[in-house]
Amino acid sequence: MTKIYSLSLLALTTIIPIVYYYRIGAIDEHTHKNILIQQSDHLNDSQMISMIYVTCSSDDKAEWIEELLERNLIACANEIPNIKSTFRWKGKIETVSEKLLILKTITQNVPQVIKFVEQHHKYETPEIISVRVESGSTKYINWVLESTKNSNS
């Protein structure tokens, strides 16, 4: 029953809107065919992509990102400055200014990236969480796959 519900929800939230936009002429046939690539259960972790969220202090240069790129462990990193984080740490409520890093990679590389970040991050317990990407631009997903093809640790 859950599987049927999931498929129905997927159809309502992604497939149906794309077909609708195509039918009303808001997108052309080429865009219709290339706008989304759906990742599914039959793909292995080297064919799927994930985003890894990492927070660090606002003044952290996070120079280790370049090494992740050189090793092809990630395809790219976005840095979002000036976020406010509030959390409980060692029994106290803390509020600090941080930045958010969003790292894109193939799902197969996630454990290596997490281990690398843990070894190079300045925090005692850094926030490092991964989310699988369910769908996205075909060109972008293919670029991430190509950019991390020859990854090495």
# chains A, B, ... in the order shown; residues from 1 in each chain; ligands from 1
call {"tool": "residues_around", "arguments": {"residues": "Glu66 in chain A", "least_positions_apart": "5", "cutoff": "12 Å", "atoms": "only C-alpha atoms", "output": "ChimeraX atom specification"}}
result
/A:61,71-77,103,117
call {"tool": "select_by_dssp", "arguments": {"residues": "range 48-96 of chain A", "states": "alpha helix (DSSP H)", "output": "ChimeraX atom specification"}}
result
/A:64-70
call {"tool": "residues_around", "arguments": {"residues": "range 140-153 of chain A", "least_positions_apart": "5", "cutoff": "12 Å", "atoms": "only C-alpha atoms", "output": "ChimeraX atom specification"}}
result
/A:34-39,45-51,67-77,103-116,132-135
call {"tool": "residues_around", "arguments": {"residues": "Leu100 in chain A", "least_positions_apart": "6", "cutoff": "7 Å", "atoms": "only C-alpha atoms", "output": "list of chain:residue names"}}
result
A:Tyr53, A:Val54, A:Thr55, A:Cys56, A:Glu79, A:Ile80, A:Pro81
call {"tool": "write_last_selection", "arguments": {"atoms": "all heavy atoms", "output": "short mmCIF file (atom, residue, chain, number, x, y, z; two decimals), in the first residue's frame"}}
result
data_model
loop_
_atom_site.label_atom_id
_atom_site.label_comp_id
_atom_site.auth_asym_id
_atom_site.auth_seq_id
_atom_site.Cartn_x
_atom_site.Cartn_y
_atom_site.Cartn_z
N TYR A 53 25.03 18.57 3.26
CA TYR A 53 24.95 19.87 3.92
C TYR A 53 25.96 19.89 5.07
O TYR A 53 25.98 18.99 5.89
CB TYR A 53 23.54 20.12 4.47
CG TYR A 53 22.50 20.23 3.38
CD1 TYR A 53 21.89 19.10 2.86
CD2 TYR A 53 22.15 21.48 2.88
CE1 TYR A 53 20.94 19.20 1.86
CE2 TYR A 53 21.20 21.59 1.89
CZ TYR A 53 20.59 20.45 1.37
OH TYR A 53 19.66 20.56 0.39
N VAL A 54 26.77 20.95 5.11
CA VAL A 54 27.78 21.12 6.15
C VAL A 54 27.71 22.56 6.64
O VAL A 54 27.74 23.48 5.82
CB VAL A 54 29.21 20.83 5.60
CG1 VAL A 54 30.25 21.02 6.69
CG2 VAL A 54 29.31 19.46 4.97
N THR A 55 27.61 22.74 7.95
CA THR A 55 27.70 24.10 8.48
C THR A 55 29.08 24.29 9.09
O THR A 55 29.69 23.36 9.57
CB THR A 55 26.62 24.37 9.56
OG1 THR A 55 26.72 23.38 10.57
CG2 THR A 55 25.24 24.40 8.96
N CYS A 56 29.56 25.52 9.01
CA CYS A 56 30.84 25.86 9.63
C CYS A 56 30.80 27.33 10.05
O CYS A 56 29.90 28.07 9.64
CB CYS A 56 32.02 25.56 8.71
SG CYS A 56 31.93 26.21 7.06
N GLU A 79 28.42 27.91 -1.23
CA GLU A 79 28.61 28.50 0.08
C GLU A 79 27.55 29.56 0.30
O GLU A 79 27.46 30.52 -0.45
CB GLU A 79 30.01 29.12 0.17
CG GLU A 79 30.35 29.68 1.50
CD GLU A 79 31.77 30.21 1.56
OE1 GLU A 79 32.70 29.50 1.12
OE2 GLU A 79 31.94 31.36 2.02
N ILE A 80 26.75 29.36 1.32
CA ILE A 80 25.69 30.32 1.65
C ILE A 80 26.09 30.99 2.96
O ILE A 80 26.07 30.35 4.01
CB ILE A 80 24.32 29.63 1.79
CG1 ILE A 80 24.00 28.88 0.49
CG2 ILE A 80 23.25 30.65 2.14
CD1 ILE A 80 22.80 27.98 0.58
N PRO A 81 26.50 32.27 2.90
CA PRO A 81 26.97 32.95 4.11
C PRO A 81 25.82 33.46 4.98
O PRO A 81 24.66 33.48 4.56
CB PRO A 81 27.77 34.12 3.54
CG PRO A 81 27.10 34.42 2.23
CD PRO A 81 26.60 33.09 1.71
#
call {"tool": "select_by_dssp", "arguments": {"residues": "range 76-148 of chain A", "states": "strand (DSSP E or B)", "output": "PyMOL selection string"}}
result
chain A and resi 76-89+92-106+128-132+135-136
call {"tool": "residues_around", "arguments": {"residues": "Thr86 in chain A", "least_positions_apart": "3", "cutoff": "8 Å", "atoms": "only C-alpha atoms", "output": "PDB file with C-alpha atoms, in the first residue's frame"}}
result
ATOM      1  CA  ILE A  93      21.207  27.058  24.084  1.00  0.00           C
ATOM      2  CA  GLU A  94      23.616  28.667  21.616  1.00  0.00           C
ATOM      3  CA  THR A  95      22.976  31.063  18.724  1.00  0.00           C
ATOM      4  CA  VAL A  96      25.820  31.652  16.279  1.00  0.00           C
TER       5      VAL A  96
END
call {"tool": "closest_residue", "arguments": {"among": "A:Ser57, A:Asn44, A:Glu124, A:Gln119", "to": "Lys90 in chain A", "atoms": "only C-alpha atoms"}}
result
A:Glu124
call {"tool": "closest_residue", "arguments": {"among": "A:Thr138, A:Ile65, A:Thr125, A:Ser130", "to": "Trp89 in chain A", "atoms": "only C-alpha atoms"}}
result
A:Thr125
call {"tool": "atom_distance", "arguments": {"atom1": "CA of His120 in chain A", "atom2": "CA of Trp64 in chain A"}}
result
6.8 Å
call {"tool": "atom_distance", "arguments": {"atom1": "CA of Val131 in chain A", "atom2": "CA of Ile52 in chain A"}}
result
6.4 Å
